[in-house]
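Student: Structure in structure tokens, see below.
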Amino acid sequence: MLEAARCIVYRELLLALRRRSDVATALLFFVIVASLFPLGIGAEPNLLRSIAPGVIWVAALLSSMLSLGRLFAADHADGTLEQMLLGATPLGVVALAKTFAHWLVAGLPLVAIAPLIALQYDLPAALYGVLALSLALGTPVLSMIGAIGAALTLGLRGGGVLLALLVLPLYVPVLIVGAGAVEMAAAGLGAGAQLLLLGAALVLACAFAPWAIAAALRISME
Amino acid sequence: MTASSIRWFWYASPQTFFPLAGTIARWCGLAAALLAAAGLYVGLFIAPTDAQQGEAYRIIFIHVPAAWMSMFLYVVMACWAALGLAFNTRLSGMMASAIAPTGALFTFIALWTGSLWGKPTWGTWWVWDARLTSELILLFLYFGFMALQAAIDDPRRADRAGAVLAIVGVVNVPIIYYSVKWWNTLHQGASVSLTRAPSMAATMLTGMLLMALAFWLYSIAVTMVRVRCIIKEREA
């Protein structure tokens with residue numbers, strides 16, 4: 001079972017490596033969205049500093065959502081997904097492995113590049129660690145919730161917009177706690193509580209999301 | 001033993017449920033109209049004017065029952081959805097999709113009347129209060145459910161996909177509520193609170209409960225009418 005999961009993760013990473021521009025596009029989207037806010041709001045440093053956590057989190061959330069459409073679509077189109085459904089490996093494990101690979105490709109680069117955006121927003125250097133850690137804990141949860149939506153909207157017309165409508169309200173708690181962690185740290189109160197909550201959300205999502213993704217995939221493929 | 005189990009699922013078949021739904025809709029609709037008339041009479045003519053808020057408080061006779069129903073209906077919808085997934089009954093999915101528009105309607109009414117009440121009382125149409133914000137997100141969840149069902153042509157797949165979404169949503173609703181509440185305290189400190197003084201005139205409470213009961217019966221009646229339409233569409 002673990003071997004199968006490892007194979008799926010390896011395969012997904014290999015596919016992502018062959019289509020490098022897809023990964024780069026999502027990352028560029030993140031950078032561009034984050035750069036638009038100062039242009040719209042104004043470059044007053046205090047204002048930028050106070051909106052930075054929220055803007056970076058919203059941009060990360062949108063960017064990870066945009067790449068969700070590809071999570072199952074290609075495998076659905078060429079019949080691989082059907083074989084995965086028929087295979088001996090439990091579908092929950094397949095779903096978890098695919099989602100983990102999606103996070104490695106779409107979430108982890110955001111964690112790495114977020115301090116760069118924080119630099120643009122003049123966020124104190126002491127907060128980079130908290131920002132990266134909150135994103136590292138939060139983006140896998142986003143990937144898992146998003147994977148439920150991606151599985152439900154598989155092969156539907158207008159899938160992309162529909163996916164946003166389904167998934168964005170469910171992202172709200174992660175956004176609040178994640179941006180809250182950075183804000184608490186900025187206020188000098190310590191981000192421990194928020195980071196623990198994000199960790200709890202991650203554990204909860206790991207436990208239950210694979211079931212929901214598997215159920216949704218079965219419904220979409222029958 | 002077999003006889004009792006047959007009776008248990010007797011009305012799970014759309015064909016046998018169809019006439020029953022018509023009867024329920026008729027009586028519940030009638031009772032809802034009577035109770036709403038009584039509740040509005042108590043609320044608008046008998047209940048005393050509030051000492052602090054003046055006449056503006058009378059919106060609670062619509063607002064509070066609508067807010068209750070909006071949350072309750074989401075749970076009911078998720079229950080029907082879960083039943084449908086567990087027992088694979090056709091009727092459960094139809095009930096879930098019949099409840100959704102009424103739930104969204106009550107959520108919208110609660111938000112709308114809330115902002116109408118907020119303007120004279122707080123001086124603003126909207127505040128990012130925990131309850132308002134989570135009610136708004138609940139409205140988005142209803143819209144998501146309806147949009148997903150509308151996007152799927154095969155009604156069986158629509159029912160089951162909607163069921164998964166409703167169950168995921170119902171797990172999330174308390175999490176959303178508490179996270180928004182927490183966010184709210186983090187951002188605004190002691191902001192305007194909706195919690196009023198617990199002392200409430202007995203007539204006010206009577207009016208509110210009458211309206212709540214009326215809204216409840218209205219929801220049942222409308223859901224039954226809608227489920228009859230769905231049965232006709234799908235089974236005919």
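We label chains A, B, ... in the order they appear in the structure tokens, count residues from 1 in each chain, and number ligands from 1 in the order shown.
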As a list in words, please: the residues near Ala36 in chain B (cut-off 8 Å, only C-alpha atoms, same-chain neighbours under 3 positions excluded).
Tutor: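 The residues satisfying every condition are Ala32, Ala33, Gly39, Leu40, Leu210, Met211, Ala214 and Phe215 of chain B.
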Student: Counting only C-alpha atoms, give me one row per residue of chain B with an atom at most 7 Å from an atom of chain A, showing the shortest contact pair and its distance in Å to one decimal, sorted by chain then residue number, as a Markdown table.
Tutor:
| residue | atom | partner | partner_atom | distance |
| --- | --- | --- | --- | --- |
| B:Ile137 | CA | A:Pro169 | CA | 6.0 |
| B:Phe140 | CA | A:Pro169 | CA | 6.5 |
| B:Leu141 | CA | A:Pro169 | CA | 6.6 |
| B:Gly144 | CA | A:Leu166 | CA | 4.9 |
| B:Leu148 | CA | A:Leu162 | CA | 6.9 |
| B:Ala151 | CA | A:Leu156 | CA | 6.6 |
| B:Ile152 | CA | A:Leu156 | CA | 6.7 |
| B:Arg157 | CA | A:Ile219 | CA | 6.3 |
| B:Arg160 | CA | A:Ile219 | CA | 6.7 |
| B:Ala161 | CA | A:Leu152 | CA | 6.0 |
| B:Val164 | CA | A:Ala216 | CA | 6.8 |
| B:Asn172 | CA | A:Leu170 | CA | 6.8 |
| B:Ile175 | CA | A:Pro173 | CA | 6.8 |
| B:Ile176 | CA | A:Pro173 | CA | 5.4 |
| B:Ser179 | CA | A:Pro173 | CA | 5.5 |
| B:Trp183 | CA | A:Ile176 | CA | 6.3 |
Student: Just to confirm, what's the straight-line distance from CA of Ser134 in chain A to CA of Gln194 in chain A in Å (one decimal)?
Tutor: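 Between CA of Ser134 in chain A and CA of Gln194 in chain A the gap is 8.4 Å.
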Student: Env of Leu81 in chain A: 8 Å cut, atoms = only C-alpha atoms, seq-sep filter 5 positions within chain, self excluded. Answer as an NGL selection string.
Tutor: :A and (72 or 75-76)
Student: Take the residues from that selection and write them out as a short mmCIF file (atom, residue, chain, number, x, y, z; two decimals), in the first residue's frame, keeping N, CA, C and O atoms.
Tutor:
data_model
loop_
_atom_site.label_atom_id
_atom_site.label_comp_id
_atom_site.auth_asym_id
_atom_site.auth_seq_id
_atom_site.Cartn_x
_atom_site.Cartn_y
_atom_site.Cartn_z
N PHE A 72 -7.22 15.85 -11.13
CA PHE A 72 -7.75 14.58 -11.62
C PHE A 72 -8.08 14.61 -13.12
O PHE A 72 -8.34 13.56 -13.70
N ASP A 75 -5.91 12.45 -15.67
CA ASP A 75 -6.08 11.02 -15.44
C ASP A 75 -7.49 10.56 -15.80
O ASP A 75 -7.70 9.43 -16.22
N HIS A 76 -8.44 11.47 -15.63
CA HIS A 76 -9.82 11.16 -16.00
C HIS A 76 -9.94 11.05 -17.51
O HIS A 76 -10.60 10.15 -18.03
#
Student: For range 42-49 of chain A, find every residue with an atom within 12 Å (counting only C-alpha atoms), except residues of its own chain fewer than 3 positions away, and show them as a PyMOL selection string.
Tutor: chain A and resi 34-39+52-56+117-125+127+182-183+186-187
Student: Would you mind exporting N, CA, C and O atoms of the selected residues as a compact mmCIF listing (two decimals), in the first residue's frame?
Tutor:
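What follows is the written file result_18.txt:
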# COMPACT_ATOMS: atom_id res chain seq x y z
N ALA A 34 -0.23 39.06 -5.60
CA ALA A 34 0.30 39.75 -4.42
C ALA A 34 0.87 41.12 -4.79
O ALA A 34 0.84 42.05 -3.98
N SER A 35 1.38 41.26 -6.02
CA SER A 35 1.94 42.55 -6.42
C SER A 35 0.87 43.55 -6.82
O SER A 35 1.13 44.75 -6.90
N LEU A 36 -0.35 43.06 -7.11
CA LEU A 36 -1.41 43.97 -7.55
C LEU A 36 -1.96 44.81 -6.40
O LEU A 36 -2.38 45.94 -6.60
N PHE A 37 -1.94 44.22 -5.18
CA PHE A 37 -2.58 44.92 -4.06
C PHE A 37 -1.96 46.29 -3.77
O PHE A 37 -2.71 47.26 -3.63
N PRO A 38 -0.62 46.40 -3.69
CA PRO A 38 -0.07 47.74 -3.45
C PRO A 38 -0.46 48.72 -4.55
O PRO A 38 -0.69 49.89 -4.27
N LEU A 39 -0.57 48.24 -5.79
CA LEU A 39 -0.95 49.12 -6.89
C LEU A 39 -2.36 49.63 -6.70
O LEU A 39 -2.67 50.77 -7.05
N ALA A 52 -0.29 42.70 4.83
CA ALA A 52 0.55 41.68 4.22
C ALA A 52 0.11 40.23 4.52
O ALA A 52 -0.02 39.44 3.57
N PRO A 53 -0.12 39.86 5.79
CA PRO A 53 -0.47 38.44 6.04
C PRO A 53 -1.72 38.02 5.28
O PRO A 53 -1.74 36.95 4.65
N GLY A 54 -2.74 38.88 5.33
CA GLY A 54 -4.00 38.54 4.66
C GLY A 54 -3.83 38.43 3.16
O GLY A 54 -4.31 37.48 2.54
N VAL A 55 -3.12 39.39 2.56
CA VAL A 55 -2.94 39.39 1.10
C VAL A 55 -2.16 38.16 0.66
O VAL A 55 -2.54 37.46 -0.30
N ILE A 56 -1.07 37.85 1.39
CA ILE A 56 -0.26 36.70 0.99
C ILE A 56 -1.08 35.42 1.12
O ILE A 56 -1.03 34.54 0.24
N ILE A 117 7.68 37.73 -1.08
CA ILE A 117 6.55 38.66 -1.14
C ILE A 117 6.51 39.48 0.14
O ILE A 117 6.25 40.69 0.11
N ALA A 118 6.77 38.81 1.27
CA ALA A 118 6.77 39.52 2.55
C ALA A 118 7.79 40.65 2.55
O ALA A 118 7.56 41.71 3.14
N LEU A 119 8.89 40.42 1.87
CA LEU A 119 9.92 41.45 1.74
C LEU A 119 9.37 42.67 1.02
O LEU A 119 9.60 43.81 1.41
N GLN A 120 8.60 42.41 -0.05
CA GLN A 120 8.00 43.52 -0.80
C GLN A 120 7.05 44.33 0.09
O GLN A 120 6.86 45.51 -0.13
N TYR A 121 6.40 43.62 1.03
CA TYR A 121 5.42 44.29 1.88
C TYR A 121 6.05 44.84 3.14
O TYR A 121 5.34 45.23 4.05
N ASP A 122 7.37 44.77 3.22
CA ASP A 122 8.09 45.34 4.34
C ASP A 122 7.70 44.69 5.68
O ASP A 122 7.61 45.34 6.71
N LEU A 123 7.41 43.41 5.63
CA LEU A 123 7.10 42.68 6.85
C LEU A 123 8.41 42.47 7.62
O LEU A 123 9.43 42.17 7.01
N PRO A 124 8.40 42.62 8.97
CA PRO A 124 9.64 42.41 9.73
C PRO A 124 10.20 41.00 9.50
O PRO A 124 9.44 40.04 9.41
N ALA A 125 11.52 40.90 9.43
CA ALA A 125 12.16 39.63 9.09
C ALA A 125 11.84 38.54 10.10
O ALA A 125 11.84 37.35 9.77
N LEU A 127 9.12 37.74 11.20
CA LEU A 127 7.84 37.09 10.94
C LEU A 127 7.91 36.08 9.78
O LEU A 127 6.97 35.33 9.56
N VAL A 182 0.13 34.96 11.67
CA VAL A 182 1.12 35.99 11.38
C VAL A 182 0.78 37.28 12.10
O VAL A 182 1.66 37.98 12.63
N GLU A 183 -0.51 37.61 12.15
CA GLU A 183 -0.92 38.85 12.82
C GLU A 183 -0.64 38.82 14.31
O GLU A 183 -0.21 39.81 14.90
N ALA A 186 2.95 39.32 14.77
CA ALA A 186 3.29 40.72 14.54
C ALA A 186 2.93 41.57 15.75
O ALA A 186 3.61 42.54 16.05
N ALA A 187 1.83 41.18 16.43
CA ALA A 187 1.41 41.94 17.60
C ALA A 187 2.21 41.55 18.84
O ALA A 187 1.98 42.09 19.92
Student: Need the shell around Ser92 in chain B: protein/DNA/RNA residues with any atom at most 9 Å away, counting only C-alpha atoms. Skip same-chain ones fewer than 3 positions apart. Format as a list of chain:residue names?
Tutor: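 After dropping sequence-adjacent residues, the list is B:Ala12, B:Cys79, B:Trp80, B:Ala81, B:Ala82, B:Leu83, B:Gly84, B:Leu85, B:Phe87, B:Asn88, B:Thr89, B:Met95, B:Ala96, B:Ser97, B:Asp159.
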Student: Write to file, as a CSV table (one decimal), in the first residue's frame, the residues of the selection just made, with N, CA and C atoms.
Tutor:
chain,number,residue,atom,x,y,z
B,12,ALA,N,-40.6,5.5,1.4
B,12,ALA,CA,-39.3,5.8,0.8
B,12,ALA,C,-39.4,5.8,-0.7
B,79,CYS,N,-28.8,15.7,6.7
B,79,CYS,CA,-29.3,14.4,7.2
B,79,CYS,C,-29.9,13.6,6.0
B,80,TRP,N,-30.8,14.3,5.2
B,80,TRP,CA,-31.4,13.6,4.1
B,80,TRP,C,-30.3,13.1,3.1
B,81,ALA,N,-29.3,14.0,2.9
B,81,ALA,CA,-28.2,13.6,2.0
B,81,ALA,C,-27.5,12.4,2.5
B,82,ALA,N,-27.2,12.3,3.8
B,82,ALA,CA,-26.5,11.2,4.4
B,82,ALA,C,-27.4,9.9,4.3
B,83,LEU,N,-28.7,10.1,4.6
B,83,LEU,CA,-29.6,8.9,4.4
B,83,LEU,C,-29.6,8.4,3.0
B,84,GLY,N,-29.6,9.3,2.1
B,84,GLY,CA,-29.5,8.9,0.7
B,84,GLY,C,-28.3,8.1,0.3
B,85,LEU,N,-27.1,8.6,0.8
B,85,LEU,CA,-25.9,7.9,0.6
B,85,LEU,C,-25.9,6.5,1.2
B,87,PHE,N,-28.6,4.6,2.4
B,87,PHE,CA,-29.6,3.6,2.0
B,87,PHE,C,-29.8,3.5,0.5
B,88,ASN,N,-29.2,4.5,-0.2
B,88,ASN,CA,-29.4,4.6,-1.6
B,88,ASN,C,-30.8,4.7,-2.0
B,89,THR,N,-31.6,5.5,-1.3
B,89,THR,CA,-33.0,5.7,-1.6
B,89,THR,C,-33.1,6.9,-2.5
B,95,MET,N,-35.4,15.0,-1.5
B,95,MET,CA,-35.7,15.8,-0.3
B,95,MET,C,-34.6,16.9,-0.1
B,96,ALA,N,-33.4,16.4,-0.2
B,96,ALA,CA,-32.2,17.3,0.0
B,96,ALA,C,-32.3,18.4,-1.0
B,97,SER,N,-32.5,18.1,-2.3
B,97,SER,CA,-32.4,19.2,-3.2
B,97,SER,C,-33.7,20.0,-3.2
B,159,ASP,N,-27.6,14.0,-7.1
B,159,ASP,CA,-28.0,13.7,-5.7
B,159,ASP,C,-26.8,13.3,-4.8
Student: May I have the residues within 10 Å of Leu71 in chain A as a list of chain:residue names, using only C-alpha atoms and disregarding those fewer than 2 positions away in the same chain?
Tutor: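 Contacts, in chain order: A:Glu12, A:Ser67, A:Leu68, A:Gly69, A:Ala73, A:Ala74, A:Asp75, A:His76, A:Ala95, A:Lys98, A:Thr99, A:Ala101, A:His102, A:Ser143, A:Gly146, A:Ala147, A:Ala150, A:Ala151, A:Leu154.
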Student: Would you save the residues of that selection, restricted to all heavy atoms, as a CSV table (one decimal), in the first residue's frame?
Tutor:
chain,number,residue,atom,x,y,z
A,12,GLU,N,3.4,11.4,-10.2
A,12,GLU,CA,2.8,12.8,-10.3
A,12,GLU,C,4.0,13.8,-10.4
A,12,GLU,O,3.9,14.8,-11.2
A,12,GLU,CB,2.0,13.1,-9.1
A,12,GLU,CG,0.7,12.3,-8.9
A,12,GLU,CD,-0.3,12.6,-9.9
A,12,GLU,OE1,-0.5,13.8,-10.2
A,12,GLU,OE2,-1.0,11.7,-10.5
A,67,SER,N,-4.8,25.5,-9.5
A,67,SER,CA,-4.1,24.3,-10.1
A,67,SER,C,-4.9,23.0,-9.7
A,67,SER,O,-4.6,21.9,-10.1
A,67,SER,CB,-2.7,24.2,-9.5
A,67,SER,OG,-2.7,24.3,-8.1
A,68,LEU,N,-6.0,23.2,-8.9
A,68,LEU,CA,-6.8,22.0,-8.6
A,68,LEU,C,-7.5,21.3,-9.8
A,68,LEU,O,-7.6,20.1,-9.8
A,68,LEU,CB,-7.9,22.4,-7.6
A,68,LEU,CG,-7.5,22.6,-6.1
A,68,LEU,CD1,-8.7,23.1,-5.4
A,68,LEU,CD2,-7.0,21.3,-5.5
A,69,GLY,N,-7.8,22.1,-10.8
A,69,GLY,CA,-8.5,21.5,-11.9
A,69,GLY,C,-7.7,20.4,-12.6
A,69,GLY,O,-8.3,19.5,-13.1
A,73,ALA,N,-8.1,15.8,-13.7
A,73,ALA,CA,-8.6,15.9,-15.1
A,73,ALA,C,-7.9,15.1,-16.1
A,73,ALA,O,-8.5,14.4,-16.9
A,73,ALA,CB,-8.6,17.4,-15.5
A,74,ALA,N,-6.5,15.2,-16.1
A,74,ALA,CA,-5.8,14.5,-17.1
A,74,ALA,C,-5.9,12.9,-16.9
A,74,ALA,O,-6.1,12.2,-17.9
A,74,ALA,CB,-4.3,14.8,-17.0
A,75,ASP,N,-5.9,12.5,-15.7
A,75,ASP,CA,-6.1,11.0,-15.4
A,75,ASP,C,-7.5,10.6,-15.8
A,75,ASP,O,-7.7,9.4,-16.2
A,75,ASP,CB,-5.8,10.7,-14.0
A,75,ASP,CG,-4.3,10.7,-13.7
A,75,ASP,OD1,-3.5,10.8,-14.6
A,75,ASP,OD2,-4.0,10.7,-12.5
A,76,HIS,N,-8.4,11.5,-15.6
A,76,HIS,CA,-9.8,11.2,-16.0
A,76,HIS,C,-9.9,11.0,-17.5
A,76,HIS,O,-10.6,10.1,-18.0
A,76,HIS,CB,-10.7,12.3,-15.5
A,76,HIS,CG,-12.2,12.1,-15.8
A,76,HIS,ND1,-12.9,11.0,-15.5
A,76,HIS,CD2,-13.0,12.9,-16.5
A,76,HIS,CE1,-14.1,11.2,-16.0
A,76,HIS,NE2,-14.2,12.3,-16.6
A,95,ALA,N,-6.1,8.7,-3.4
A,95,ALA,CA,-6.5,10.1,-3.3
A,95,ALA,C,-5.5,10.9,-2.4
A,95,ALA,O,-5.1,12.0,-2.8
A,95,ALA,CB,-7.9,10.2,-2.7
A,98,LYS,N,-2.2,11.4,-4.3
A,98,LYS,CA,-2.3,12.4,-5.4
A,98,LYS,C,-2.4,13.8,-4.8
A,98,LYS,O,-1.8,14.8,-5.4
A,98,LYS,CB,-3.5,12.1,-6.3
A,98,LYS,CG,-3.3,11.1,-7.3
A,98,LYS,CD,-4.5,10.9,-8.2
A,98,LYS,CE,-4.6,12.0,-9.3
A,98,LYS,NZ,-3.6,11.7,-10.4
A,99,THR,N,-3.1,13.9,-3.7
A,99,THR,CA,-3.2,15.3,-3.1
A,99,THR,C,-1.9,15.7,-2.5
A,99,THR,O,-1.5,16.9,-2.6
A,99,THR,CB,-4.3,15.2,-2.0
A,99,THR,OG1,-5.4,14.5,-2.4
A,99,THR,CG2,-4.7,16.6,-1.5
A,101,ALA,N,1.0,14.9,-3.6
A,101,ALA,CA,1.8,15.3,-4.8
A,101,ALA,C,1.4,16.7,-5.3
A,101,ALA,O,2.3,17.5,-5.6
A,101,ALA,CB,1.7,14.3,-5.9
A,102,HIS,N,0.1,16.9,-5.3
A,102,HIS,CA,-0.4,18.3,-5.7
A,102,HIS,C,0.2,19.3,-4.7
A,102,HIS,O,0.6,20.4,-5.2
A,102,HIS,CB,-1.9,18.3,-5.6
A,102,HIS,CG,-2.5,19.7,-5.8
A,102,HIS,ND1,-2.9,20.4,-4.8
A,102,HIS,CD2,-2.7,20.4,-6.9
A,102,HIS,CE1,-3.3,21.6,-5.2
A,102,HIS,NE2,-3.2,21.6,-6.6
A,143,SER,N,-5.2,22.0,-0.1
A,143,SER,CA,-5.1,21.0,-1.2
A,143,SER,C,-6.1,19.9,-0.9
A,143,SER,O,-6.8,19.4,-1.9
A,143,SER,CB,-3.7,20.3,-1.2
A,143,SER,OG,-2.8,21.3,-1.7
A,146,GLY,N,-9.7,21.2,-1.3
A,146,GLY,CA,-9.8,21.4,-2.8
A,146,GLY,C,-10.0,20.1,-3.6
A,146,GLY,O,-10.7,20.1,-4.6
A,147,ALA,N,-9.3,19.1,-3.1
A,147,ALA,CA,-9.4,17.8,-3.9
A,147,ALA,C,-10.8,17.3,-3.8
A,147,ALA,O,-11.2,16.6,-4.8
A,147,ALA,CB,-8.4,16.8,-3.3
A,150,ALA,N,-12.5,19.2,-6.4
A,150,ALA,CA,-12.1,18.8,-7.8
A,150,ALA,C,-12.7,17.4,-8.2
A,150,ALA,O,-13.1,17.2,-9.3
A,150,ALA,CB,-10.6,18.7,-7.8
A,151,ALA,N,-12.8,16.5,-7.2
A,151,ALA,CA,-13.4,15.2,-7.5
A,151,ALA,C,-14.8,15.3,-7.8
A,151,ALA,O,-15.4,14.6,-8.7
A,151,ALA,CB,-13.1,14.2,-6.3
A,154,LEU,N,-15.5,16.8,-11.3
A,154,LEU,CA,-14.8,16.2,-12.4
A,154,LEU,C,-15.6,16.0,-13.7
A,154,LEU,O,-16.7,15.4,-13.6
A,154,LEU,CB,-14.3,14.8,-11.9
A,154,LEU,CG,-13.2,14.1,-12.7
A,154,LEU,CD1,-12.0,15.0,-12.7
A,154,LEU,CD2,-12.9,12.8,-12.0
Student: For Ala201 in chain B, find every residue with an atom within 12 Å (counting only C-alpha atoms), except residues of its own chain fewer than 3 positions away, and show them as an MDAnalysis selection string.
Tutor: chainID B and resid 42:43 46:51 197:198 204:208
Student: Those residues with C-alpha atoms, as a compact mmCIF listing (two decimals), in the first residue's frame please?
Tutor:
# COMPACT_ATOMS: atom_id res chain seq x y z
CA VAL B 42 -49.02 39.46 18.34
CA GLY B 43 -45.73 40.89 17.11
CA ILE B 46 -49.85 43.38 21.00
CA ALA B 47 -46.13 43.25 21.84
CA PRO B 48 -44.97 46.44 23.64
CA THR B 49 -42.45 48.87 22.14
CA ASP B 50 -38.90 48.11 23.20
CA ALA B 51 -37.46 50.58 25.71
CA ALA B 197 -30.86 41.78 27.47
CA PRO B 198 -32.30 38.42 28.49
CA MET B 204 -42.53 39.24 22.40
CA LEU B 205 -41.44 35.68 23.05
CA THR B 206 -44.91 34.37 22.12
CA GLY B 207 -44.85 36.29 18.87
CA MET B 208 -41.39 35.03 18.02
Student: Given only C-alpha atoms as the basis, pick out the residue of B:Trp27, B:Tyr178, B:Tyr57, B:Tyr41 nearest to Thr121 in chain B.
Tutor: B:Tyr57
Student: For CA of Ile24 in chain B and CA of Cys229 in chain B, determine how far apart the two atoms are, in Å to one decimal place.
Tutor: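 Straight-line distance from CA of Ile24 in chain B to CA of Cys229 in chain B works out to 14.5 Å.
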Student: Ranking B:Val75, B:Leu91, B:Ala25, B:Val227 by minimum distance to Pro174 in chain B and counting only C-alpha atoms, which one comes first?
Tutor: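 Closest candidate: B:Val75.
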Student: With DSSP run on the backbone, what are the alpha helix (DSSP H) residues within range 180-210 of chain A? I'd like them as a tab-separated table (two decimals) with N, CA, C and O atoms, in the first residue's frame.
Tutor:
chain	number	residue	atom	x	y	z
A	180	GLY	N	-4.21	34.82	10.79
A	180	GLY	CA	-4.22	35.20	12.21
A	180	GLY	C	-2.90	34.88	12.89
A	180	GLY	O	-2.46	35.64	13.76
A	181	ALA	N	-2.28	33.77	12.51
A	181	ALA	CA	-1.02	33.38	13.13
A	181	ALA	C	0.03	34.47	12.93
A	181	ALA	O	0.71	34.88	13.88
A	182	VAL	N	0.13	34.96	11.67
A	182	VAL	CA	1.12	35.99	11.38
A	182	VAL	C	0.78	37.28	12.10
A	182	VAL	O	1.66	37.98	12.63
A	183	GLU	N	-0.51	37.61	12.15
A	183	GLU	CA	-0.92	38.85	12.82
A	183	GLU	C	-0.64	38.82	14.31
A	183	GLU	O	-0.21	39.81	14.90
A	184	MET	N	-0.89	37.64	14.92
A	184	MET	CA	-0.61	37.51	16.35
A	184	MET	C	0.88	37.68	16.61
A	184	MET	O	1.28	38.34	17.56
A	185	ALA	N	1.69	37.05	15.73
A	185	ALA	CA	3.14	37.16	15.91
A	185	ALA	C	3.58	38.62	15.73
A	185	ALA	O	4.44	39.10	16.45
A	186	ALA	N	2.95	39.32	14.77
A	186	ALA	CA	3.29	40.72	14.54
A	186	ALA	C	2.93	41.57	15.75
A	186	ALA	O	3.61	42.54	16.05
A	192	GLY	N	1.59	30.57	18.71
A	192	GLY	CA	1.47	29.16	19.08
A	192	GLY	C	0.08	28.59	18.92
A	192	GLY	O	-0.11	27.53	18.33
A	193	ALA	N	-0.94	29.34	19.42
A	193	ALA	CA	-2.30	28.81	19.41
A	193	ALA	C	-2.78	28.57	17.98
A	193	ALA	O	-3.30	27.50	17.65
A	194	GLN	N	-2.52	29.57	17.10
A	194	GLN	CA	-2.99	29.45	15.72
A	194	GLN	C	-2.27	28.32	14.98
A	194	GLN	O	-2.89	27.58	14.22
A	195	LEU	N	-0.96	28.21	15.24
A	195	LEU	CA	-0.21	27.16	14.55
A	195	LEU	C	-0.68	25.79	15.01
A	195	LEU	O	-0.81	24.86	14.20
A	196	LEU	N	-0.98	25.66	16.29
A	196	LEU	CA	-1.51	24.39	16.79
A	196	LEU	C	-2.86	24.08	16.15
A	196	LEU	O	-3.15	22.93	15.78
A	197	LEU	N	-3.69	25.13	16.01
A	197	LEU	CA	-5.00	24.93	15.37
A	197	LEU	C	-4.83	24.49	13.92
A	197	LEU	O	-5.55	23.60	13.44
A	198	LEU	N	-3.88	25.11	13.23
A	198	LEU	CA	-3.62	24.71	11.83
A	198	LEU	C	-3.17	23.26	11.78
A	198	LEU	O	-3.60	22.49	10.90
A	199	GLY	N	-2.31	22.88	12.74
A	199	GLY	CA	-1.87	21.49	12.81
A	199	GLY	C	-3.04	20.55	13.04
A	199	GLY	O	-3.14	19.48	12.42
A	200	ALA	N	-3.96	20.96	13.93
A	200	ALA	CA	-5.14	20.14	14.20
A	200	ALA	C	-5.99	20.00	12.94
A	200	ALA	O	-6.47	18.90	12.62
A	201	ALA	N	-6.13	21.11	12.21
A	201	ALA	CA	-6.91	21.07	10.97
A	201	ALA	C	-6.25	20.11	9.97
A	201	ALA	O	-6.94	19.36	9.26
A	202	LEU	N	-4.92	20.13	9.95
A	202	LEU	CA	-4.19	19.25	9.02
A	202	LEU	C	-4.43	17.78	9.37
A	202	LEU	O	-4.70	16.95	8.50
A	203	VAL	N	-4.35	17.46	10.68
A	203	VAL	CA	-4.59	16.08	11.12
A	203	VAL	C	-6.01	15.65	10.77
A	203	VAL	O	-6.24	14.56	10.23
A	204	LEU	N	-6.96	16.55	11.06
A	204	LEU	CA	-8.37	16.26	10.78
A	204	LEU	C	-8.59	16.02	9.29
A	204	LEU	O	-9.27	15.07	8.88
A	205	ALA	N	-7.97	16.88	8.47
A	205	ALA	CA	-8.13	16.75	7.02
A	205	ALA	C	-7.49	15.45	6.53
A	205	ALA	O	-8.05	14.76	5.67
A	206	CYS	N	-6.31	15.12	7.08
A	206	CYS	CA	-5.65	13.87	6.67
A	206	CYS	C	-6.52	12.66	7.00
A	206	CYS	O	-6.53	11.67	6.28
A	207	ALA	N	-7.25	12.75	8.13
A	207	ALA	CA	-8.05	11.60	8.55
A	207	ALA	C	-9.31	11.45	7.72
A	207	ALA	O	-9.70	10.33	7.38
A	208	PHE	N	-9.98	12.59	7.39
A	208	PHE	CA	-11.31	12.47	6.81
A	208	PHE	C	-11.38	12.80	5.32
A	208	PHE	O	-12.21	12.24	4.60
A	209	ALA	N	-10.49	13.71	4.87
A	209	ALA	CA	-10.61	14.14	3.47
A	209	ALA	C	-10.44	12.97	2.48
A	209	ALA	O	-11.18	12.90	1.50
A	210	PRO	N	-9.48	12.02	2.71
A	210	PRO	CA	-9.33	10.94	1.72
A	210	PRO	C	-10.62	10.15	1.50
A	210	PRO	O	-10.93	9.76	0.37
